[in-house]
$ cat run.txt   # compact mmCIF, C-alpha atoms
# COMPACT_ATOMS: atom_id res chain seq x y z
CA MET T 8 -20.14 -28.29 -5.36
CA ASN T 9 -20.76 -25.93 -8.27
CA HIS T 10 -21.21 -22.19 -8.10
CA THR T 11 -24.99 -22.31 -8.21
CA ALA T 12 -25.24 -24.64 -5.19
CA ALA T 13 -23.01 -22.72 -2.77
CA GLN T 14 -24.79 -21.16 0.21
CA PRO T 15 -23.56 -19.00 3.10
CA ILE T 16 -21.76 -21.00 5.77
CA SER T 17 -20.93 -20.45 9.44
CA ALA T 18 -17.29 -20.01 10.42
CA ASP T 19 -15.24 -19.66 13.59
CA ALA T 20 -13.38 -16.37 13.28
CA TRP T 21 -11.39 -13.67 15.01
CA VAL T 22 -13.32 -10.41 14.56
CA ALA T 23 -12.00 -6.87 14.99
CA THR T 24 -14.89 -5.37 16.98
CA ALA T 25 -13.24 -1.94 17.00
CA LEU T 26 -10.04 -0.31 15.80
CA GLY T 27 -7.19 -0.65 18.28
CA GLU T 28 -4.69 -3.02 19.85
CA PRO T 29 -5.32 -6.61 18.70
CA THR T 30 -5.37 -7.99 22.27
CA GLU T 31 -8.08 -5.47 23.15
CA VAL T 32 -10.37 -5.48 20.11
CA LEU T 33 -10.17 -9.00 18.64
CA GLU T 34 -12.99 -11.32 19.71
CA ARG T 35 -13.61 -14.91 18.74
CA GLN T 36 -17.05 -15.14 17.15
CA THR T 37 -19.16 -17.23 14.80
CA VAL T 38 -19.61 -15.36 11.54
CA GLU T 39 -21.42 -16.03 8.28
CA VAL T 40 -19.19 -16.40 5.21
CA ARG T 41 -21.02 -15.68 1.96
CA ALA T 42 -21.04 -17.84 -1.15
CA PRO T 43 -18.17 -17.18 -3.57
CA GLY T 44 -18.84 -14.87 -6.48
CA ALA T 45 -17.43 -14.96 -10.00
CA GLY T 46 -13.67 -15.43 -9.95
CA GLU T 47 -13.73 -16.37 -6.27
CA VAL T 48 -13.42 -19.55 -4.22
CA ARG T 49 -14.42 -20.39 -0.66
CA VAL T 50 -11.63 -22.13 1.21
CA ALA T 51 -11.97 -24.37 4.25
CA VAL T 52 -9.01 -22.80 6.06
CA ARG T 53 -6.41 -24.98 7.78
CA ALA T 54 -3.63 -22.46 8.37
CA PHE T 55 -2.52 -18.89 7.70
CA CYS T 56 0.31 -16.51 8.51
CA LEU T 57 0.22 -13.34 10.58
CA ASN T 58 1.40 -10.15 8.89
CA PHE T 59 2.45 -6.69 10.04
CA ASN T 60 -0.17 -5.24 7.72
CA ASP T 61 -2.82 -7.15 9.70
CA ILE T 62 -1.78 -5.21 12.79
CA ASP T 63 -1.96 -1.87 10.97
CA ILE T 64 -5.38 -2.77 9.54
CA ILE T 65 -6.71 -3.69 12.99
CA LYS T 66 -5.35 -0.42 14.40
CA GLY T 67 -6.90 1.55 11.52
CA ARG T 68 -3.50 2.83 10.35
CA TYR T 69 -3.38 1.18 6.91
CA THR T 70 -4.81 3.81 4.59
CA THR T 71 -4.43 1.55 1.54
CA LEU T 72 -7.06 -0.76 3.03
CA PRO T 73 -9.23 1.20 5.46
CA LEU T 74 -11.82 -1.06 7.10
CA GLN T 75 -14.63 -0.24 9.48
CA PRO T 76 -15.40 -2.72 12.29
CA PRO T 77 -16.62 -5.30 12.64
CA PHE T 78 -14.44 -7.22 10.17
CA VAL T 79 -12.32 -10.35 10.03
CA PRO T 80 -8.63 -9.54 9.38
CA GLY T 81 -6.20 -11.87 7.65
CA MET T 82 -4.38 -11.55 4.32
CA GLU T 83 -3.54 -15.23 3.62
CA ALA T 84 -5.25 -18.62 3.74
CA VAL T 85 -4.26 -22.26 3.22
CA GLY T 86 -6.92 -24.94 2.87
CA ILE T 87 -9.23 -26.91 0.62
CA VAL T 88 -11.39 -25.15 -1.95
CA GLU T 89 -14.89 -26.04 -0.75
CA SER T 90 -16.92 -24.16 -3.38
CA ALA T 91 -16.29 -21.82 -6.28
CA GLY T 92 -17.88 -19.03 -8.24
CA LEU T 93 -18.26 -18.74 -11.98
CA GLY T 94 -14.99 -19.33 -13.80
CA ALA T 95 -13.24 -20.97 -10.85
CA GLU T 96 -15.12 -24.27 -10.64
CA HIS T 97 -12.03 -26.23 -11.67
CA LEU T 98 -10.41 -25.34 -8.32
CA VAL T 99 -12.96 -27.16 -6.14
CA GLY T 100 -11.34 -29.87 -4.02
CA ARG T 101 -7.79 -28.57 -4.42
CA ARG T 102 -5.53 -27.65 -1.49
CA VAL T 103 -4.31 -24.15 -2.11
CA VAL T 104 -2.77 -21.02 -0.67
CA GLY T 105 -4.17 -17.65 -1.67
CA ILE T 106 -5.11 -14.12 -0.69
CA PRO T 107 -8.65 -13.43 0.55
CA VAL T 108 -10.69 -10.98 -1.50
CA MET T 109 -9.62 -7.39 -0.68
CA ALA T 110 -6.88 -8.85 1.58
CA PHE T 111 -9.01 -9.49 4.66
CA GLY T 112 -11.11 -12.35 6.01
CA GLY T 113 -8.36 -14.93 6.54
CA TYR T 114 -8.64 -15.26 10.33
CA ALA T 115 -11.52 -17.71 9.99
CA SER T 116 -12.28 -21.37 9.40
CA TYR T 117 -13.74 -20.40 5.99
CA ALA T 118 -12.58 -17.55 3.76
CA ILE T 119 -13.48 -16.08 0.36
CA VAL T 120 -10.28 -16.07 -1.71
CA ASP T 121 -9.52 -14.33 -4.99
CA ALA T 122 -9.06 -17.14 -7.52
CA ALA T 123 -6.40 -15.10 -9.35
CA THR T 124 -4.11 -15.51 -6.32
CA VAL T 125 -4.70 -19.23 -5.74
CA LEU T 126 -1.65 -21.50 -5.91
CA ASP T 127 -1.72 -25.30 -5.63
CA LEU T 128 0.20 -27.04 -2.87
CA PRO T 129 1.68 -30.48 -3.63
CA GLU T 130 1.16 -33.28 -1.10
CA TRP T 131 4.72 -33.08 0.20
CA VAL T 132 4.19 -29.46 1.36
CA SER T 133 2.47 -29.30 4.77
CA ASP T 134 -0.24 -26.78 5.58
CA ILE T 135 2.22 -24.91 7.81
CA ASP T 136 4.94 -24.80 5.16
CA GLY T 137 2.33 -23.85 2.56
CA ALA T 138 1.40 -20.82 4.62
CA ALA T 139 5.02 -19.96 5.39
CA LEU T 140 6.20 -20.14 1.76
CA HIS T 141 3.48 -18.03 0.21
CA TYR T 142 4.15 -14.39 0.77
CA PRO T 143 7.81 -14.32 1.83
CA PHE T 144 9.00 -16.48 -1.05
CA HIS T 145 6.70 -15.04 -3.71
CA LEU T 146 7.42 -11.50 -2.56
CA GLY T 147 11.11 -12.37 -2.33
CA TRP T 148 11.15 -13.91 -5.80
CA PHE T 149 9.36 -10.93 -7.32
CA ALA T 150 11.63 -8.48 -5.47
CA LEU T 151 14.98 -10.20 -5.96
CA ARG T 152 14.56 -11.68 -9.44
CA GLU T 153 12.03 -9.46 -11.20
CA ARG T 154 12.69 -6.05 -9.68
CA GLY T 155 16.24 -6.47 -8.35
CA ARG T 156 17.66 -8.67 -11.14
CA LEU T 157 19.81 -10.42 -8.55
CA LYS T 158 22.63 -12.49 -10.04
CA PRO T 159 24.72 -15.29 -8.47
CA GLY T 160 27.77 -13.85 -6.76
CA GLU T 161 26.25 -10.44 -6.13
CA THR T 162 25.99 -8.98 -2.63
CA LEU T 163 22.49 -8.73 -1.16
CA LEU T 164 21.70 -6.63 1.90
CA VAL T 165 18.55 -7.79 3.72
CA HIS T 166 17.06 -5.59 6.44
CA ALA T 167 15.01 -7.01 9.34
CA ALA T 168 16.31 -10.37 8.16
CA ALA T 169 15.04 -12.24 11.22
CA GLY T 170 11.42 -11.24 10.50
CA GLY T 171 8.79 -12.85 8.31
CA THR T 172 9.55 -11.32 4.91
CA GLY T 173 13.20 -10.59 5.67
CA SER T 174 14.01 -14.16 6.61
CA GLY T 175 12.38 -15.29 3.37
CA ALA T 176 14.53 -12.88 1.35
CA LEU T 177 17.63 -14.06 3.20
CA VAL T 178 17.21 -17.78 2.51
CA LEU T 179 15.95 -17.16 -1.04
CA GLY T 180 18.92 -14.89 -1.73
CA LYS T 181 21.28 -17.65 -0.61
CA ALA T 182 19.42 -20.19 -2.76
CA LEU T 183 19.90 -17.86 -5.74
CA GLY T 184 23.64 -17.70 -5.15
CA ALA T 185 24.04 -14.30 -3.51
CA ARG T 186 26.41 -13.26 -0.75
CA VAL T 187 24.02 -12.06 1.95
CA ILE T 188 24.57 -9.37 4.56
CA ALA T 189 21.69 -9.54 7.04
CA THR T 190 20.69 -6.82 9.48
CA ALA T 191 18.66 -7.25 12.65
CA GLY T 192 18.10 -5.42 15.92
CA SER T 193 19.46 -7.73 18.63
CA ASP T 194 22.23 -10.24 19.24
CA ASP T 195 19.75 -13.13 19.34
CA LYS T 196 18.28 -12.13 16.00
CA LEU T 197 21.74 -11.72 14.48
CA GLU T 198 22.57 -15.28 15.53
CA PHE T 199 19.24 -16.42 14.07
CA CYS T 200 20.25 -14.85 10.74
CA ARG T 201 23.62 -16.60 10.79
CA LYS T 202 21.89 -19.93 11.35
CA LEU T 203 19.72 -19.22 8.29
CA GLY T 204 22.89 -18.88 6.23
CA ALA T 205 23.74 -15.17 6.28
CA ASP T 206 27.38 -14.57 5.38
CA HIS T 207 27.48 -11.55 7.68
CA ALA T 208 25.08 -10.16 10.29
CA VAL T 209 24.98 -6.50 11.31
CA ASN T 210 22.99 -4.74 14.04
CA TYR T 211 21.22 -1.83 12.32
CA ARG T 212 20.46 -0.25 15.70
CA ASN T 213 24.18 0.58 16.02
CA SER T 214 25.03 4.02 14.66
CA GLY T 215 27.98 2.66 12.69
CA TRP T 216 26.14 -0.06 10.77
CA VAL T 217 26.51 1.71 7.41
CA ASP T 218 30.28 1.84 7.82
CA GLU T 219 30.27 -1.84 8.76
CA VAL T 220 28.39 -2.76 5.58
CA MET T 221 30.78 -0.67 3.50
CA GLU T 222 33.73 -2.40 5.17
CA LEU T 223 32.24 -5.81 4.40
CA THR T 224 31.94 -4.83 0.72
CA TYR T 225 35.50 -3.41 0.61
CA GLY T 226 34.11 0.06 0.06
CA ARG T 227 32.14 -0.90 -3.05
CA GLY T 228 28.63 -1.04 -1.56
CA VAL T 229 25.92 -3.64 -2.10
CA ASP T 230 24.39 -4.72 -5.40
CA VAL T 231 20.85 -5.21 -4.08
CA ALA T 232 19.16 -4.09 -0.85
CA PHE T 233 15.89 -5.67 0.30
CA ASP T 234 14.27 -3.03 2.50
CA ALA T 235 10.87 -3.69 4.07
CA VAL T 236 11.52 -1.28 6.97
CA GLY T 237 11.46 2.24 5.54
CA GLY T 238 12.24 5.55 7.23
CA SER T 239 15.76 6.23 8.43
CA VAL T 240 16.79 2.68 7.54
CA THR T 241 15.98 3.48 3.92
CA THR T 242 17.84 6.79 3.79
CA ASP T 243 20.85 5.25 5.56
CA THR T 244 20.80 2.35 3.10
CA PHE T 245 21.20 4.83 0.25
CA ARG T 246 24.74 5.33 1.59
CA CYS T 247 25.40 1.58 1.17
CA MET T 248 24.38 1.24 -2.46
CA GLY T 249 27.02 0.31 -5.02
CA PHE T 250 27.29 1.62 -8.57
CA ASN T 251 24.26 0.37 -10.54
CA GLY T 252 22.82 -1.06 -7.30
CA ARG T 253 19.12 -1.76 -6.86
CA HIS T 254 17.35 -0.66 -3.70
CA LEU T 255 14.11 -2.62 -3.26
CA MET T 256 11.42 -0.64 -1.43
CA ALA T 257 9.36 -3.60 -0.20
CA GLY T 258 7.53 -2.31 2.87
CA PHE T 259 7.28 0.11 5.78
CA ALA T 260 7.53 -1.97 8.94
CA GLU T 261 8.97 0.98 10.87
CA ASP T 262 5.77 2.97 10.39
CA ILE T 263 3.04 2.35 7.80
CA THR T 264 2.39 6.10 7.49
CA LEU T 265 5.78 6.35 5.75
CA GLU T 266 3.96 5.16 2.62
CA ASP T 267 2.82 8.75 2.21
CA GLY T 268 5.91 10.37 3.73
CA ASP T 269 8.31 12.88 2.17
CA TYR T 270 11.50 11.68 3.85
CA ILE T 271 13.38 10.73 0.66
CA SER T 272 15.58 13.27 -1.12
CA PRO T 273 16.46 12.80 -4.81
CA ARG T 274 20.08 13.89 -4.25
CA PRO T 275 21.60 10.61 -2.95
CA ILE T 276 19.78 8.65 -5.66
CA ALA T 277 20.83 10.94 -8.51
CA TYR T 278 24.45 11.20 -7.41
CA GLY T 279 24.63 7.58 -6.24
CA ASN T 280 23.85 6.11 -9.66
CA PHE T 281 21.63 3.39 -8.22
CA ASP T 282 18.00 2.40 -8.80
CA VAL T 283 15.15 2.66 -6.30
CA CYS T 284 12.66 -0.09 -7.17
CA GLY T 285 9.12 -0.23 -5.89
CA VAL T 286 7.94 -3.70 -4.85
CA CYS T 287 4.23 -4.47 -4.52
CA LEU T 288 3.08 -8.01 -5.22
CA VAL T 289 -0.51 -8.86 -6.08
CA TYR T 290 -1.23 -11.38 -8.83
CA VAL T 291 -4.16 -10.33 -11.01
CA THR T 292 -5.92 -11.72 -14.07
CA ASP T 293 -5.93 -8.40 -15.96
CA PRO T 294 -2.93 -6.14 -15.17
CA LEU T 295 -4.02 -3.53 -17.74
CA ALA T 296 -7.42 -3.15 -16.08
CA VAL T 297 -5.69 -2.56 -12.73
CA ARG T 298 -3.43 -0.03 -14.39
CA ARG T 299 -6.40 1.84 -15.85
CA THR T 300 -8.53 1.85 -12.71
CA LEU T 301 -6.01 2.12 -9.84
CA GLY T 302 -2.89 3.35 -11.59
CA PHE T 303 -0.88 0.42 -10.17
CA ASN T 304 1.37 -2.00 -12.04
CA TRP T 305 0.73 -5.51 -10.70
CA PRO T 306 2.00 -8.79 -12.19
CA ALA T 307 -0.23 -11.27 -14.00
CA ARG T 308 -1.38 -14.57 -12.52
CA SER T 309 0.70 -16.36 -15.14
CA GLU T 310 3.85 -14.83 -13.63
CA GLY T 311 2.81 -16.09 -10.21
CA LEU T 312 2.28 -19.61 -11.51
CA ASP T 313 5.72 -19.55 -13.12
CA ALA T 314 7.36 -18.29 -9.92
CA HIS T 315 5.51 -20.92 -7.88
CA VAL T 316 6.99 -23.74 -9.96
CA LYS T 317 10.51 -22.39 -9.46
CA ILE T 318 10.01 -21.86 -5.71
CA LEU T 319 8.59 -25.37 -5.24
CA GLU T 320 11.50 -26.89 -7.16
CA LEU T 321 13.98 -25.09 -4.91
CA MET T 322 12.10 -26.52 -1.92
CA ARG T 323 11.80 -30.03 -3.34
CA THR T 324 15.52 -30.22 -3.99
CA GLY T 325 16.38 -28.95 -0.50
CA ARG T 326 17.88 -25.64 -1.56
CA LEU T 327 15.13 -23.62 0.12
CA GLN T 328 13.36 -24.14 3.44
CA THR T 329 10.57 -22.16 5.02
CA VAL T 330 11.34 -20.18 8.16
CA VAL T 331 8.60 -20.97 10.67
CA GLY T 332 9.38 -19.14 13.87
CA GLU T 333 6.28 -20.36 15.66
CA ASN T 334 3.17 -22.45 15.10
CA VAL T 335 0.57 -20.37 16.94
CA ALA T 336 -2.45 -21.96 18.57
CA TRP T 337 -5.77 -20.54 17.37
CA GLU T 338 -6.62 -19.31 20.86
CA GLN T 339 -3.32 -17.41 21.15
CA LEU T 340 -3.65 -15.35 17.95
CA PRO T 341 -4.13 -11.90 19.57
CA GLN T 342 -1.15 -12.44 21.89
CA ALA T 343 1.01 -13.50 18.94
CA LEU T 344 0.14 -10.26 17.13
CA ARG T 345 1.14 -8.31 20.23
CA ARG T 346 4.54 -10.03 20.32
CA MET T 347 5.01 -9.45 16.60
CA ALA T 348 4.28 -5.74 17.01
CA ALA T 349 6.81 -5.60 19.86
CA ARG T 350 9.49 -7.16 17.59
CA GLU T 351 9.68 -10.21 19.87
CA THR T 352 9.25 -12.81 17.12
CA THR T 353 11.36 -14.34 14.37
CA GLY T 354 10.44 -15.93 11.05
CA ARG T 355 6.86 -16.57 10.03
CA LEU T 356 4.12 -17.00 12.62
CA VAL T 357 1.70 -19.63 11.34
CA VAL T 358 -1.72 -20.16 12.91
CA SER T 359 -3.37 -23.57 12.61
CA THR T 360 -7.15 -23.32 12.78
CA GLY T 361 -7.64 -26.89 13.98
CA ALA T 362 -10.62 -27.10 11.64
CA HIS T 363 -11.18 -29.48 8.74
CA ASP T 364 -8.46 -31.92 9.88
$ encode --input "run.txt" --output "structure tokens"
Amino acid sequence: MNHTAAQPISADAWVATALGEPTEVLERQTVEVRAPGAGEVRVAVRAFCLNFNDIDIIKGRYTTLPLQPPFVPGMEAVGIVESAGLGAEHLVGRRVVGIPVMAFGGYASYAIVDAATVLDLPEWVSDIDGAALHYPFHLGWFALRERGRLKPGETLLVHAAAGGTGSGALVLGKALGARVIATAGSDDKLEFCRKLGADHAVNYRNSGWVDEVMELTYGRGVDVAFDAVGGSVTTDTFRCMGFNGRHLMAGFAEDITLEDGDYISPRPIAYGNFDVCGVCLVYVTDPLAVRRTLGFNWPARSEGLDAHVKILELMRTGRLQTVVGENVAWEQLPQALRRMAARETTGRLVVSTGAHD
């Protein structure tokens, strides 16, 4: 189908009918999905992952992407490109993973996806693994290699390492040759991290976890810290950083409002002689245009394509495996978000739509 022939199409979707708890405001409805515009594709969705940001968006707490109901949440989509807008026609018929336009609309059997974010999936990668590799491994690659300059033999500290992005950083860090210290909040999650290959596992809910990390590094501190938690975990991690270390600020799972918080003091950074590195991954076709309009520095699509090849090769050769904690049934999506918010899940939660099989 070419871009001139595409018409709106009906889709099965989970719709946020109001702002609030997902189990209370999400309703399964039939929605109309528009035709793709220039630089967009419409994907017949087979699977997608659940994200903490989805929860914050549904609750109306994510100020970076404020949405007014009704809307379809969902920041990722795996499926077949069914139609394409101008400039993206070459993608029709390909099985891809990508980010829906404006990072919502993925909880549906059809989604409009930004063509700049689209990545091909080879036949040997399942829909579930395709969903589970996308954000954790691409975010992890960008964070650890591009921003953190992680080298083989260095010590990597990964917070919330049993979660979706943390588990990805853990296994990717091991694949890149790092010694990994994982933190988590329960004994079960610590054991989960050890099974993923963590060299050491530390409970960051214990008041002495900083001292434990320093003991494990023989007083030197860590070379790189992957921190998608924020808040007190971040400020405590500053005490763990080694000379010339790189602290990767990759998220705010503790509380999304920390994005605009003032809880960080320059003193420990200045006197600690370590770097604090922002990590925000969105592949775009024109990084300079984004810089001019939004003031953000985002990587080019070409960098994403290069990272994708390297990630797939690590997977093909068995050095990297996805961490799928649960394959969620379509009907159980709201309940899965509730369990994720309550920190009752591990790894990536992948939803199969059951459509287009």
$ atom_distance --input "run.txt" --atom1 "CA of Phe259 (chain T)" --atom2 "CA of Gly160 (chain T)"
27.8 Å
$ atom_distance --input "run.txt" --atom1 "CA of Arg308 (chain T)" --atom2 "CA of Asp230 (chain T)"
28.5 Å
$ residues_around --input "run.txt" --residues "region 273-276 of chain T" --least-positions-apart "3" --cutoff "12 Å" --atoms "all atoms listed in the file" --output "JSON, numbers by chain"
{"T": [241, 242, 243, 244, 245, 246, 247, 248, 249, 250, 251, 252, 253, 254, 269, 270, 279, 280, 281, 282, 283, 284]}
$ residues_near_point --input "run.txt" --point "(-21.9, -16.2, -12.2)" --cutoff "7 Å" --atoms "all atoms listed in the file" --output "mmCIF file with C-alpha atoms, in the coordinates of the input"
data_model
loop_
_atom_site.group_PDB
_atom_site.id
_atom_site.type_symbol
_atom_site.label_atom_id
_atom_site.label_comp_id
_atom_site.auth_asym_id
_atom_site.auth_seq_id
_atom_site.Cartn_x
_atom_site.Cartn_y
_atom_site.Cartn_z
ATOM 1 C CA GLY T 44 -18.840 -14.870 -6.480
ATOM 2 C CA ALA T 45 -17.430 -14.960 -10.000
ATOM 3 C CA GLY T 92 -17.880 -19.030 -8.240
ATOM 4 C CA LEU T 93 -18.260 -18.740 -11.980
#
$ closest_residue --input "run.txt" --among "T:Asp63, T:Asp136, T:Glu310, T:Asp19" --to "Gln36 (chain T)" --atoms "only C-alpha atoms"
T:Asp19
$ atom_distance --input "run.txt" --atom1 "CA of Asp194 (chain T)" --atom2 "CA of Ser214 (chain T)"
15.2 Å
$ closest_residue --input "run.txt" --among "T:Met322, T:Ala122, T:Leu72, T:Leu177" --to "Gly147 (chain T)" --atoms "all atoms listed in the file"
T:Leu177
$ closest_residue --input "run.txt" --among "T:Val108, T:Ala13, T:Leu164, T:Leu197" --to "Met221 (chain T)" --atoms "all atoms listed in the file"
T:Leu164
$ residues_around --input "run.txt" --residues "Leu179 (chain T)" --least-positions-apart "5" --cutoff "9 Å" --atoms "all atoms listed in the file" --output "PyMOL selection string"
chain T and resi 144+147-148+151+174+184-185+318+326-328
$ write_last_selection --input "run.txt" --atoms "C-alpha atoms" --output "compact mmCIF listing (two decimals), in the coordinates of the input"
# COMPACT_ATOMS: atom_id res chain seq x y z
CA PHE T 144 9.00 -16.48 -1.05
CA GLY T 147 11.11 -12.37 -2.33
CA TRP T 148 11.15 -13.91 -5.80
CA LEU T 151 14.98 -10.20 -5.96
CA SER T 174 14.01 -14.16 6.61
CA GLY T 184 23.64 -17.70 -5.15
CA ALA T 185 24.04 -14.30 -3.51
CA ILE T 318 10.01 -21.86 -5.71
CA ARG T 326 17.88 -25.64 -1.56
CA LEU T 327 15.13 -23.62 0.12
CA GLN T 328 13.36 -24.14 3.44
$ residues_around --input "run.txt" --residues "Gly311 (chain T)" --least-positions-apart "4" --cutoff "9 Å" --atoms "only C-alpha atoms" --output "CSV table (one decimal) with C-alpha atoms, in the frame of the given file"
chain,number,residue,atom,x,y,z
T,124,THR,CA,-4.1,-15.5,-6.3
T,126,LEU,CA,-1.6,-21.5,-5.9
T,145,HIS,CA,6.7,-15.0,-3.7
T,149,PHE,CA,9.4,-10.9,-7.3
T,289,VAL,CA,-0.5,-8.9,-6.1
T,290,TYR,CA,-1.2,-11.4,-8.8
T,306,PRO,CA,2.0,-8.8,-12.2
T,307,ALA,CA,-0.2,-11.3,-14.0
T,315,HIS,CA,5.5,-20.9,-7.9
T,316,VAL,CA,7.0,-23.7,-10.0
$ closest_residue --input "run.txt" --among "T:Gly237, T:Gly67, T:Gly215, T:Pro15" --to "Glu266 (chain T)" --atoms "only C-alpha atoms"
T:Gly237
$ closest_residue --input "run.txt" --among "T:Ala84, T:Ala277, T:Ala110, T:Leu319" --to "Tyr69 (chain T)" --atoms "all atoms listed in the file"
T:Ala110
$ closest_residue --input "run.txt" --among "T:Thr71, T:Ser193, T:Thr172, T:Thr329" --to "Leu57 (chain T)" --atoms "only C-alpha atoms"
T:Thr172
$ residues_around --input "run.txt" --residues "Ala191 (chain T)" --least-positions-apart "4" --cutoff "12 Å" --atoms "all atoms listed in the file" --output "PyMOL selection string"
chain T and resi 164-170+173-174+177+195-201+205+207-213+216+234+236+240+350-353
